Structures are given as C-alpha cells and as structure tokens.
$ cat final-v3.pdb   # PDB, C-alpha atoms
ATOM      1  CA  MET G  27      -0.449   0.502  12.857
ATOM      2  CA  TYR G  28       0.605  -0.463   9.365
ATOM      3  CA  THR G  29       3.112   0.985   6.975
ATOM      4  CA  GLY G  30       2.982   2.478   3.494
ATOM      5  CA  VAL G  31       4.393   5.038   1.078
ATOM      6  CA  VAL G  32       2.575   8.119  -0.182
ATOM      7  CA  ALA G  33       1.832   7.586  -3.864
ATOM      8  CA  GLY G  34      -0.581  10.383  -4.711
ATOM      9  CA  SER G  35      -3.443  12.515  -3.527
ATOM     10  CA  VAL G  36      -7.204  12.743  -3.906
ATOM     11  CA  VAL G  37      -9.250  15.902  -4.273
ATOM     12  CA  ALA G  38     -13.004  15.745  -3.696
ATOM     13  CA  THR G  39     -15.060  18.895  -3.443
ATOM     14  CA  VAL G  40     -18.379  17.088  -3.037
ATOM     15  CA  LYS G  41     -18.025  15.105   0.176
ATOM     16  CA  ASP G  42     -19.262  14.783   3.690
ATOM     17  CA  PRO G  43     -18.986  18.237   5.329
ATOM     18  CA  ALA G  44     -17.095  16.693   8.262
ATOM     19  CA  LEU G  45     -14.284  15.901   5.802
ATOM     20  CA  GLU G  46     -13.704  19.594   5.037
ATOM     21  CA  GLY G  47     -10.080  20.507   5.535
ATOM     22  CA  VAL G  48      -8.952  16.898   5.827
ATOM     23  CA  PRO G  49      -6.150  16.218   3.317
ATOM     24  CA  LEU G  50      -6.739  12.923   1.480
ATOM     25  CA  LEU G  51      -3.687  11.103   0.150
ATOM     26  CA  LEU G  52      -3.308   7.960  -1.927
ATOM     27  CA  VAL G  53      -1.078   5.560  -0.008
ATOM     28  CA  ARG G  54       0.336   2.281  -1.230
ATOM     29  CA  LYS G  55       0.352  -0.173   1.631
ATOM     30  CA  ILE G  56       3.640  -1.987   2.141
ATOM     31  CA  GLU G  57       3.342  -5.415   3.750
ATOM     32  CA  ASP G  58       6.526  -7.363   4.461
ATOM     33  CA  GLY G  59       8.342  -5.378   1.812
ATOM     34  CA  ARG G  60       5.784  -6.161  -0.856
ATOM     35  CA  GLU G  61       3.710  -3.290  -2.226
ATOM     36  CA  GLY G  62       0.021  -3.776  -1.500
ATOM     37  CA  ASP G  63      -3.035  -1.977  -2.726
ATOM     38  CA  LEU G  64      -3.580   1.761  -2.960
ATOM     39  CA  ILE G  65      -5.860   3.157  -0.274
ATOM     40  CA  ILE G  66      -7.083   6.617   0.628
ATOM     41  CA  ALA G  67      -5.708   7.865   3.955
ATOM     42  CA  ALA G  68      -6.461  11.101   5.755
ATOM     43  CA  ASP G  69      -3.204  12.915   6.510
ATOM     44  CA  GLN G  70      -3.431  13.882  10.162
ATOM     45  CA  THR G  71       0.176  15.067  10.222
ATOM     46  CA  ARG G  72      -0.564  17.458   7.297
ATOM     47  CA  GLN G  73       3.070  17.131   6.242
ATOM     48  CA  ALA G  74       3.147  13.945   4.152
ATOM     49  CA  GLY G  75       4.333  14.294   0.564
ATOM     50  CA  MET G  76       4.999  12.041  -2.405
ATOM     51  CA  GLY G  77       7.340   9.180  -1.633
ATOM     52  CA  ASP G  78       7.259   9.608   2.145
ATOM     53  CA  TYR G  79       7.334   6.392   4.165
ATOM     54  CA  ILE G  80       4.572   6.678   6.733
ATOM     55  CA  TYR G  81       2.572   4.586   9.163
ATOM     56  CA  MET G  82      -1.162   4.614   9.553
ATOM     57  CA  ILE G  83      -3.771   3.910  12.164
ATOM     58  CA  GLY G  84      -7.138   2.403  11.301
ATOM     59  CA  SER G  85     -10.768   2.055  12.228
ATOM     60  CA  LYS G  86     -12.134   3.926  15.241
ATOM     61  CA  GLU G  87      -8.716   5.236  16.190
ATOM     62  CA  ALA G  88      -8.369   6.970  12.818
ATOM     63  CA  ALA G  89     -11.622   8.797  13.452
ATOM     64  CA  ARG G  90     -10.485   9.887  16.907
ATOM     65  CA  ILE G  91      -6.954  10.995  16.037
ATOM     66  CA  PHE G  92      -8.131  14.351  14.661
ATOM     67  CA  ARG G  93      -9.359  15.122  18.182
ATOM     68  CA  ARG G  94     -12.344  17.150  17.014
ATOM     69  CA  GLY G  95     -15.107  14.658  17.490
ATOM     70  CA  ASN G  96     -15.219  11.707  15.138
ATOM     71  CA  ILE G  97     -14.111  12.523  11.596
ATOM     72  CA  PRO G  98     -15.558   9.935   9.187
ATOM     73  CA  VAL G  99     -12.220   8.486   8.078
ATOM     74  CA  ASP G 100     -11.114   4.897   8.447
ATOM     75  CA  VAL G 101      -7.375   5.281   7.871
ATOM     76  CA  ALA G 102      -5.181   8.160   9.055
ATOM     77  CA  ILE G 103      -1.490   8.853   8.562
ATOM     78  CA  VAL G 104       0.006   9.469  12.005
ATOM     79  CA  GLY G 105       3.762   9.480  11.578
ATOM     80  CA  PHE G 106       6.825   9.222   9.398
ATOM     81  CA  ILE G 107       9.271   6.336   9.470
ATOM     82  CA  ASP G 108      12.884   7.433   9.946
ATOM     83  CA  THR G 109      14.345   3.981  10.539
ATOM     84  CA  TYR G 110      12.659   0.624   9.944
ATOM     85  CA  ASN G 111      14.756  -2.114  11.623
ATOM     86  CA  GLU G 112      13.751  -5.632  10.704
ATOM     87  CA  GLU G 113      16.141  -7.806  12.689
ATOM     88  CA  ILE G 114      14.385 -11.139  12.314
TER
ATOM     89  CA  MET U  19      -5.226  -9.982  22.368
ATOM     90  CA  ARG U  20      -2.817 -11.871  20.148
ATOM     91  CA  LEU U  21       0.434 -13.733  20.555
ATOM     92  CA  ALA U  22       3.125 -12.092  18.478
ATOM     93  CA  LYS U  23       6.862 -12.032  17.988
ATOM     94  CA  VAL U  24       8.883  -8.804  18.137
ATOM     95  CA  VAL U  25      10.906  -8.755  14.920
ATOM     96  CA  GLY U  26      12.363  -5.267  14.977
ATOM     97  CA  ASN U  27      11.683  -1.695  15.876
ATOM     98  CA  VAL U  28      10.829   1.609  14.220
ATOM     99  CA  ILE U  29      12.290   5.038  14.890
ATOM    100  CA  SER U  30      10.001   7.939  14.117
ATOM    101  CA  THR U  31      10.607  11.546  15.127
ATOM    102  CA  VAL U  32       7.833  13.285  13.195
ATOM    103  CA  LYS U  33       4.530  11.885  14.413
ATOM    104  CA  ASP U  34       1.314  12.675  16.212
ATOM    105  CA  ASP U  35       2.179  14.727  19.272
ATOM    106  CA  GLY U  36       0.545  12.185  21.558
ATOM    107  CA  TYR U  37       3.133   9.563  20.574
ATOM    108  CA  TYR U  38       6.264  11.220  21.897
ATOM    109  CA  GLY U  39       8.067   9.154  24.503
ATOM    110  CA  TYR U  40       6.674   5.777  23.449
ATOM    111  CA  LYS U  41       8.771   2.998  21.942
ATOM    112  CA  LEU U  42       7.631   1.585  18.582
ATOM    113  CA  MET U  43       8.302  -2.084  17.905
ATOM    114  CA  LEU U  44       7.701  -4.231  14.842
ATOM    115  CA  VAL U  45       5.493  -7.218  15.655
ATOM    116  CA  GLU U  46       4.320 -10.215  13.714
ATOM    117  CA  TYR U  47       1.395 -12.421  14.753
ATOM    118  CA  PHE U  48       1.971 -16.158  14.617
ATOM    119  CA  ASP U  49      -0.175 -19.259  14.862
ATOM    120  CA  PRO U  50       0.399 -20.607  18.397
ATOM    121  CA  GLU U  51       0.004 -24.209  17.240
ATOM    122  CA  THR U  52       2.438 -24.200  14.353
ATOM    123  CA  GLY U  53       4.435 -21.056  15.047
ATOM    124  CA  ALA U  54       3.944 -19.999  11.453
ATOM    125  CA  PRO U  55       3.889 -16.185  10.966
ATOM    126  CA  GLN U  56       0.481 -14.720  10.169
ATOM    127  CA  GLY U  57      -0.315 -11.494   8.391
ATOM    128  CA  PRO U  58       1.858  -8.477   7.710
ATOM    129  CA  ARG U  59       4.321  -7.005  10.165
ATOM    130  CA  MET U  60       2.823  -4.115  12.059
ATOM    131  CA  ILE U  61       3.960  -1.360  14.388
ATOM    132  CA  ALA U  62       3.000  -1.636  18.051
ATOM    133  CA  PHE U  63       3.635   0.548  21.075
ATOM    134  CA  ASP U  64       5.676  -1.159  23.755
ATOM    135  CA  CYS U  65       4.271  -1.147  27.277
ATOM    136  CA  ALA U  66       6.188  -4.181  28.541
ATOM    137  CA  ASP U  67       9.826  -3.351  27.840
ATOM    138  CA  SER U  68       9.992  -6.022  25.175
ATOM    139  CA  GLY U  69      12.989  -6.522  22.950
ATOM    140  CA  VAL U  70      13.592  -7.980  19.536
ATOM    141  CA  GLY U  71      13.060 -11.743  19.553
ATOM    142  CA  ASP U  72      10.606 -11.732  22.446
ATOM    143  CA  THR U  73       7.280 -13.464  22.223
ATOM    144  CA  VAL U  74       4.720 -10.964  23.458
ATOM    145  CA  ILE U  75       1.054 -10.339  24.099
ATOM    146  CA  VAL U  76      -0.337  -7.645  21.819
ATOM    147  CA  ASN U  77      -3.534  -5.845  22.743
ATOM    148  CA  THR U  78      -5.343  -4.799  19.574
ATOM    149  CA  ASP U  79      -7.824  -2.322  21.056
ATOM    150  CA  GLY U  80      -6.952   1.380  21.114
ATOM    151  CA  GLY U  81      -8.942   2.003  24.248
ATOM    152  CA  ALA U  82      -6.885  -0.590  26.085
ATOM    153  CA  GLY U  83      -3.780   1.360  25.126
ATOM    154  CA  ASN U  84      -5.118   4.417  26.931
ATOM    155  CA  MET U  85      -5.564   2.304  30.050
ATOM    156  CA  LEU U  86      -2.215   0.522  29.762
ATOM    157  CA  PHE U  87      -0.283   3.763  29.421
ATOM    158  CA  ASP U  88      -2.725   5.713  31.600
ATOM    159  CA  ASP U  89      -2.724   8.374  28.906
ATOM    160  CA  GLU U  90      -6.001   9.670  27.520
ATOM    161  CA  TYR U  91      -4.510  12.051  24.954
ATOM    162  CA  ALA U  92      -2.658   9.638  22.713
ATOM    163  CA  ILE U  93      -4.646   7.424  20.363
ATOM    164  CA  PHE U  94      -3.146   3.942  20.396
ATOM    165  CA  ASP U  95      -3.675   1.002  18.101
ATOM    166  CA  LEU U  96      -1.588  -2.087  18.916
ATOM    167  CA  VAL U  97       0.061  -2.176  22.346
ATOM    168  CA  ILE U  98       2.501  -4.809  23.613
ATOM    169  CA  CYS U  99       1.248  -5.488  27.104
ATOM    170  CA  GLY U 100       3.236  -8.535  28.162
ATOM    171  CA  VAL U 101       6.271 -10.703  27.513
ATOM    172  CA  VAL U 102       5.476 -14.405  27.332
ATOM    173  CA  ASP U 103       7.492 -16.989  29.271
ATOM    174  CA  ASN U 104       5.605 -19.996  27.951
ATOM    175  CA  TYR U 105       2.223 -20.918  26.546
ATOM    176  CA  THR U 106       0.345 -24.179  26.243
ATOM    177  CA  VAL U 107      -1.804 -25.241  23.315
ATOM    178  CA  ASP U 108      -3.666 -28.577  23.223
ATOM    179  CA  GLY U 109      -1.525 -29.869  26.069
ATOM    180  CA  GLU U 110       1.733 -28.941  24.366
ATOM    181  CA  THR U 111       3.804 -26.343  26.203
ATOM    182  CA  HIS U 112       6.017 -23.968  24.263
ATOM    183  CA  VAL U 113       8.714 -22.611  26.575
ATOM    184  CA  ILE U 114      10.367 -19.309  25.630
ATOM    185  CA  HIS U 115      11.922 -18.163  28.882
ATOM    186  CA  GLY U 116      12.827 -20.195  31.931
ATOM    187  CA  ALA U 117      11.574 -23.615  32.829
ATOM    188  CA  ALA U 118       7.953 -24.575  32.286
ATOM    189  CA  GLU U 119       5.922 -25.353  35.386
ATOM    190  CA  SER U 120       5.962 -29.120  35.757
TER
END

$ encode --input "final-v3.pdb" --output "structure tokens"
Amino acid sequence: MYTGVVAGSVVATVKDPALEGVPLLLVRKIEDGREGDLIIAADQTRQAGMGDYIYMIGSKEAARIFRRGNIPVDVAIVGFIDTYNEEI
Amino acid sequence: MRLAKVVGNVISTVKDDGYYGYKLMLVEYFDPETGAPQGPRMIAFDCADSGVGDTVIVNTDGGAGNMLFDDEYAIFDLVICGVVDNYTVDGETHVIHGAAES
C-alpha cells in the first residue's frame, strides 16, 4: 500500500455505471517525503477530506475492496494515517 | 516476493474494517547485490512479527495475504511473511542474524 494526501476531488456524471456511488478523489502521492503525481483514487472509506493523509491499495485489490463484485477502479483509499514512524 | 528492510511502522485507527488487528509496517525494497534501497517506502501487513531494522521477505500478492493470515474478508496488498537470517547472492553471503551456515 502506498501513501498520499487528499488534494481534491473529481466529479464525473458520464462514466461506467459500475462507478455509480463511488467517490473519486484527487490524491497526491507521497514517496519518501517527496510529493509525487496527482492520481484519481476511489475513496472506499467514504470519509477522506482535503488534506487527509491516507494510504491506498492498488490493482486487483482496489477492485475487490468494495466487496460488491469488481468495481473498475485501480486505486482505492483504504485508511487514514495517524502516526507515520520512519525510524531508519 | 521481494527482500525488503523494515524502516518503521504506521498506526492507523480509521481504516477498512477488514484491517483491524493487523500490524502495519513501513518497508523498503533493496537490491540484494548492492543493498541500495529501491523504490518508495510502502506499507505492509506484518505476518512474521518483524521489527524495525529487520530484513524481511515481502509477499506482493493480495491473494497470498489471505492465505498467510487465513482471512478471506480482508483485502491485503503487501504482506511480510518472513524474517531473513541470511541470504546469498552470486556466492556472497549476507548475514543478518546468527552465523551463516559454513
């Protein structure tokens, strides 16, 4: 799972019907403290807001995490980071 | 599976309900020959009681996570499934714990 911060949201009315009701957020990936590119992530927790530090799951797992068949998403937000300890 | 080093951990209380009860560690892949870190640091579930500083085996397949934890509900990504004592590359043995087999 990789980490990021919620930077915005995406609204699309014309989309695959399986994506109905799936909140789409714009997330800036954070890799080793450096801000990476902005990607679209489906918010499985349905609680993520601007500026939240989150972690995401990708590929097939992202499609399965909604647990209603396979939702056509490739990245899904699955949790919030309370403490991020980098000891080495 | 990949060799990785545990470089920290992550505490997360609000998360997918399948993830409660599992320890989240921060792992970093490295090149076994040179030891140089590779790629970004990522979050992995711990199934081998690893600690910070350990060299571990990380399984990258979600399905394997279900088998390792014997839990079909949670959807896993990276799972630490072993703590490495030593490994050998091109005849050169890198010892982390204990003495290498002679």

$ resolve_selection --input "final-v3.pdb" --expression "the PyMOL selection byres ((chain G) within 12 of (chain U))" --output "PyMOL selection string"
chain G and resi 27-30+55-62+69-74+78-93+101-114

$ atom_distance --input "final-v3.pdb" --atom1 "atom CA of Leu52 of chain G" --atom2 "atom CA of Asn96 of chain G"
21.1 Å

$ resolve_selection --input "final-v3.pdb" --expression "the PyMOL selection byres ((chain U and resi 21) around 9)" --output "JSON, numbers by chain"
{"U": [19, 20, 22, 23, 46, 47, 48, 49, 50, 73, 74, 75, 76, 102]}

$ write_last_selection --input "final-v3.pdb" --atoms "C-alpha atoms" --output "mmCIF file, in the coordinates of the input"
data_model
loop_
_atom_site.group_PDB
_atom_site.id
_atom_site.type_symbol
_atom_site.label_atom_id
_atom_site.label_comp_id
_atom_site.auth_asym_id
_atom_site.auth_seq_id
_atom_site.Cartn_x
_atom_site.Cartn_y
_atom_site.Cartn_z
ATOM 1 C CA MET U 19 -5.226 -9.982 22.368
ATOM 2 C CA ARG U 20 -2.817 -11.871 20.148
ATOM 3 C CA ALA U 22 3.125 -12.092 18.478
ATOM 4 C CA LYS U 23 6.862 -12.032 17.988
ATOM 5 C CA GLU U 46 4.320 -10.215 13.714
ATOM 6 C CA TYR U 47 1.395 -12.421 14.753
ATOM 7 C CA PHE U 48 1.971 -16.158 14.617
ATOM 8 C CA ASP U 49 -0.175 -19.259 14.862
ATOM 9 C CA PRO U 50 0.399 -20.607 18.397
ATOM 10 C CA THR U 73 7.280 -13.464 22.223
ATOM 11 C CA VAL U 74 4.720 -10.964 23.458
ATOM 12 C CA ILE U 75 1.054 -10.339 24.099
ATOM 13 C CA VAL U 76 -0.337 -7.645 21.819
ATOM 14 C CA VAL U 102 5.476 -14.405 27.332
#

$ resolve_selection --input "final-v3.pdb" --expression "the PyMOL selection byres ((chain U and resi 66) around 7)" --output "compact mmCIF listing (two decimals) with C-alpha atoms, keeping the file's coordinate frame"
# COMPACT_ATOMS: atom_id res chain seq x y z
CA ASP U 64 5.68 -1.16 23.76
CA CYS U 65 4.27 -1.15 27.28
CA ASP U 67 9.83 -3.35 27.84
CA SER U 68 9.99 -6.02 25.18
CA ILE U 98 2.50 -4.81 23.61
CA CYS U 99 1.25 -5.49 27.10
CA GLY U 100 3.24 -8.54 28.16
CA VAL U 101 6.27 -10.70 27.51

$ atom_distance --input "final-v3.pdb" --atom1 "atom CA of Val32 of chain G" --atom2 "atom CA of Tyr38 of chain U"
22.6 Å

$ atom_distance --input "final-v3.pdb" --atom1 "atom CA of Pro43 of chain G" --atom2 "atom CA of Glu90 of chain U"
27.1 Å

$ residues_around --input "final-v3.pdb" --residues "Asp103 of chain U" --least-positions-apart "2" --cutoff "9 Å" --atoms "only C-alpha atoms" --output "list in words"
Thr73, Val74, Val101, Tyr105, His112, Val113, Ile114, His115, Gly116, Ala117 and Ala118 of chain U
